Amino acid sequence: MGKIEWAMWANEQALAAGLIYLTGGIVGVAGQFRGWQFAAFGVAAGCFVCMLEYPRGKRSKGTSVARTGQYCFTVCVKAFGPLTQNYYVRALLHAALSVPGGFMLATVLGCVCLGMASLIYLSAAIHGEHWEPILLTKEVKTAVGESIKEPPSNPPPRPPAELRRKRVEDVEGAAYVNPMPVITNE
Amino acid sequence: MGNWVVNHGLSTFIVVVWMGINIFLFVYFFLLYDSSDRFLYTRHLLGSALSWARAPAAVLNFNCMLILLPVCRNLLSLIRGSFMCCGRSLRKQLDKNLTFHKLVAYMIALMTAVHTIAHLLNVEWLNNSRHGVYDELSTTLSELGDEQNTSYLNPIRSTTTTPTMFVFTSIAGLTGVVITLALVLIVTSSMEVIRRNYFEVFWYTHHLFIVFFAGLVFHGAGRIVRGQVTTDPPHNTSYCKDIPDEWGQDPSCPIPQFAGGFPQTWMFVIGPMVIYLFERLLRFIRYIQKVTYRKIVIRPSKVLELQLVKNGFKMEVGQYIFINCPAISPLEWHPFTLTSAPEEDFFSVHIRSAGDWTQKLITMAEQLPEGSQGPTMGVDGPFGTASEDVFDYEVSMLVGAGIGVTPFASILKSVWYKFKDSNPKLRTRKIYFYWLCRETHSFEWFADLLQGLEKEMEERGMGNFLTYKLYLTGWDQSHAAHVMVHFDEDTDVITGLKQKTHYGRPNWDKEFEEVRKDNPTSVVGTFLCGPEALAKTLEKKCVKYSNVDPRKTKFYFNKENF
């Protein structure tokens with residue numbers, strides 16, 4: 001399947017599963033179902049999973065698209081360091097969180113969806129992926145005027161590569177006059 | 001306002017009609033289950049959650065019927081072909097098939113959520129009734145069917161089960177969980193991020209729809225939603241509901257009988273399922289037809305041109321085909337626009353390296369010895385897109401960005417042939433062509449074509465039929481200096497063409513103004529093959545410069561996208 005980054009799909013699945021878990025939990029608690037304690041757990045676990053999964057990780061290849069308003073969540077998730085970076089930990093965490101959901105009907109769907117997310121994260125971990133935060137890097141500003149002390153970074157203006165190519169058959173014709181006058185300081 | 005109607009009117013109308021049908025179905029079935037006498041006792045057990053579950057079910061039936069149809073591209077091509085008489089607007093709607101497919105999918109997801117939540121409540125309350133938690137009427141109703149020769153109302157027959165166990169041991173419950181899981185997986189892998197960057201995941205996971213439809217057809221087989229049937233003597237519900245312990249003894253209250261509704265979903269989905277099956281069969285038949293290579297050319301800037309021949313292949317301008325190469329991947333089909341004209345006896349595609357499949361194909365082609373056949377290919381198509389309509393407009397504006405110029409290669413070649421044959425089908429009397437590109441290298445294969453056209457037109461004195469403008473968007477200081485030096489020459493320094501290359505992006509306001517000025521009473525068709533951002537810009541400009549007055553210029557926007 002080419003260069004698929006499983007973590008991207010696992011993230012979408014886990015976020016959806018978190019929402020489903022949460023919704024099922026709310027129905028269970030509001031309807032005062034038998035075993036509503038599992039539903040209450042579902043609400044808490046669903047919220048937690050949503051907050052953990054909302055910040056999208058950085059893609060290793062290509063541009064990453066951040067979700068709206070994910071900056072605060074990124075900072076929180078980043079603060080846990082290796083616990084959130086490692087996908088084995090996440091796979092295990094999601095598997096553990098999904099188990100209580102299986103004991104009550106309202107949260108069963110949340111349980112299986114989160115279980116699927118856990119499996120996809122396991123696949124991501126096996127493929128060596130890890131979570132990187134999407135954060136804007138600060139640009140380094142050199143003071144204006146300092147650049148004069150550095151060597152030039154752009155070549156002088158010259159015609160495009162095709163005309164610059166040395167034509168062996170016609171060395172005389174290949175010579176051209178510089179459009180800008182070149183003055184040497186001697 | 002009038003301009004908006006001209007460009008978006010029909011799509012909005014279709015969406016409004018579809019939404020109207022959805023709302024009608026929801027309200028009708030909601031009221032049916034909420035107020036009909038047949039379900040009085042069922043409602044006593046379940047409350048309004050019964051109606052909240054059945055109404056989305058009806059909407060789901062309707063939408064599951066619709067969802068397969070927009071993706072039957074051969075069927076759409078057939079409809080398109082038979083509507084050649086019925087005007088542009090109708091055929092343009094067929095371009096928006098994927099948008100409609102997504103809209104229907106969102107509705108399915110929403111209705112599934114409502115349906116599932118309502119049934120969660122239902123199962124819980126049915127189970128509680130069975131345990132005798134509620135009033136006497138509920139308990140009596142739930143106990144019906146415990147004896148021989150009586151029908152039951154409450155589908156939960158055991159007094160010791162839990163809701164979860166009931167769901168997983170009934171057909172409706174088990175299929176419900178399985179198809180909802182399939183739906184969730186399909187939806188998460190169809191998110192834009194996944195679809196654009198990891199297409200294979202999206203494509204293979206989407207095939208879970210087979211599981212979805214299989215489960216959906218059997219979902220109602222258990223007939224667990226029960227309604228009352230008339231008995232002889234009849235059971236008077238309004239009188240009898242207050243005296244449940246006298247049922248069977250009181251003459252006007254015989255034991256009520258119940259039956260489940262006949263499963264209807266299969267009636268809705270069987271037609272589209274068969275049509276889709278034919279669609280896949282047709283794709284397979286086309287796949288096994290023999291395709292031979294006429295010529296393989298490696299163009300500059302890693303563009304591969306393949307000229308192919310297939311028995312019975314007929315195409316129109318700007319159409320596209322799907323190509324499969326079993327040597328690279330047996331299951332992947334990739335779309336490519338045809339770059340040859342229908343008048344030629346072969347068909348060609350220009351393929352650029354844009355992913356691992358295309359890269360492998362180019363590498364294989366580079367390693368082939370001279371004049372040999374390439375790897376075996378399967379070809380499906382051709383499929384119609386908006387470019388077919390180019391010759392119907394009096395004036396056409398064609399905009400191609402980068403490799404998006406490919407459908408227009410086909411159109412311009414066809415123009416050349418039609419001109420040579422003085423084909424009366426050619427209604428167009430003016431074409432404006434805009435090509436936006438980052439670097440000069442990609443011009444090569446197309447520049448040859450344009451040079452040829454330029455010469456032909458000069459010879460026939462038809463110089464003003466085709467106006468083309470080339471925009472080099474990736475210029476830098478060295479380019480600018482070079483152009484400054486060669487400003488006075490007749491032909492362009494980059495392409496060798498008579499028309500000069502422009503630098504930077506086009507000023508669309510100026511361009512549209514110019515076209516409007518030169519063609520004051522015409523209907524102008526704008527065709528784009530390029531990025532979404534450009535599509536939005538052009539669409540806005542078309543709306544802005546169109547005039548509802550039939551004596552003035554009208555711009556219609558057509559977009560081609562994969």
# chains A, B, ... in the order shown; residues from 1 in each chain; ligands from 1

$ residues_around --residues "region 408-418 of chain B" --least-positions-apart "6" --cutoff "10 Å" --atoms "only C-alpha atoms" --output "ChimeraX atom specification"
/B:316-319,337-344,347-349,387-388,390-391,398-400,424-426,428,431,433,435,445-446,449-450,452-453,456-457,466,527-529

$ interface_residues --of "chain B" --to "chain A" --cutoff "9 Å" --atoms "only C-alpha atoms" --output "ChimeraX atom specification"
/B:117,120-121,123-125,128,162-165,167,177,180-181,184-185,187-189,191,193-194,197-201,355-357,477-483,485,494

$ residues_around --residues "Leu137 (chain B)" --least-positions-apart "6" --cutoff "9 Å" --atoms "only C-alpha atoms" --output "ChimeraX atom specification"
/B:41,44-45,241-245

$ residues_around --residues "Leu50 (chain B)" --least-positions-apart "3" --cutoff "8 Å" --atoms "only C-alpha atoms" --output "PyMOL selection string"
chain B and resi 33-34+42-43+46-47+53-54+118-119+122

$ write_last_selection --atoms "C-alpha atoms" --output "mmCIF file, in the first residue's frame"
data_model
loop_
_atom_site.group_PDB
_atom_site.id
_atom_site.type_symbol
_atom_site.label_atom_id
_atom_site.label_comp_id
_atom_site.auth_asym_id
_atom_site.auth_seq_id
_atom_site.Cartn_x
_atom_site.Cartn_y
_atom_site.Cartn_z
ATOM 1 C CA TYR B 33 -45.695 4.938 14.250
ATOM 2 C CA ASP B 34 -46.585 7.690 16.686
ATOM 3 C CA THR B 42 -45.915 -1.206 21.123
ATOM 4 C CA ARG B 43 -45.789 2.465 22.037
ATOM 5 C CA LEU B 46 -41.349 1.903 24.011
ATOM 6 C CA GLY B 47 -42.716 5.431 24.115
ATOM 7 C CA ALA B 53 -36.186 4.619 15.349
ATOM 8 C CA ARG B 54 -38.579 3.862 12.477
ATOM 9 C CA ALA B 118 -33.392 5.261 19.540
ATOM 10 C CA HIS B 119 -32.959 1.499 19.400
ATOM 11 C CA ASN B 122 -35.865 0.586 22.925
#

$ atom_distance --atom1 "CA of Thr159 (chain B)" --atom2 "CA of Gly173 (chain B)"
17.9 Å

$ residues_around --residues "Met19 (chain B)" --least-positions-apart "5" --cutoff "12 Å" --atoms "only C-alpha atoms" --output "list in words"
Thr12, Phe13, Ile14, Phe24, Leu25, Phe26, Val59, Phe62, Asn63, Phe100, Leu103, Val104 and Met107 of chain B

$ atom_distance --atom1 "CA of Ala124 (chain A)" --atom2 "CA of Ala113 (chain B)"
28.9 Å
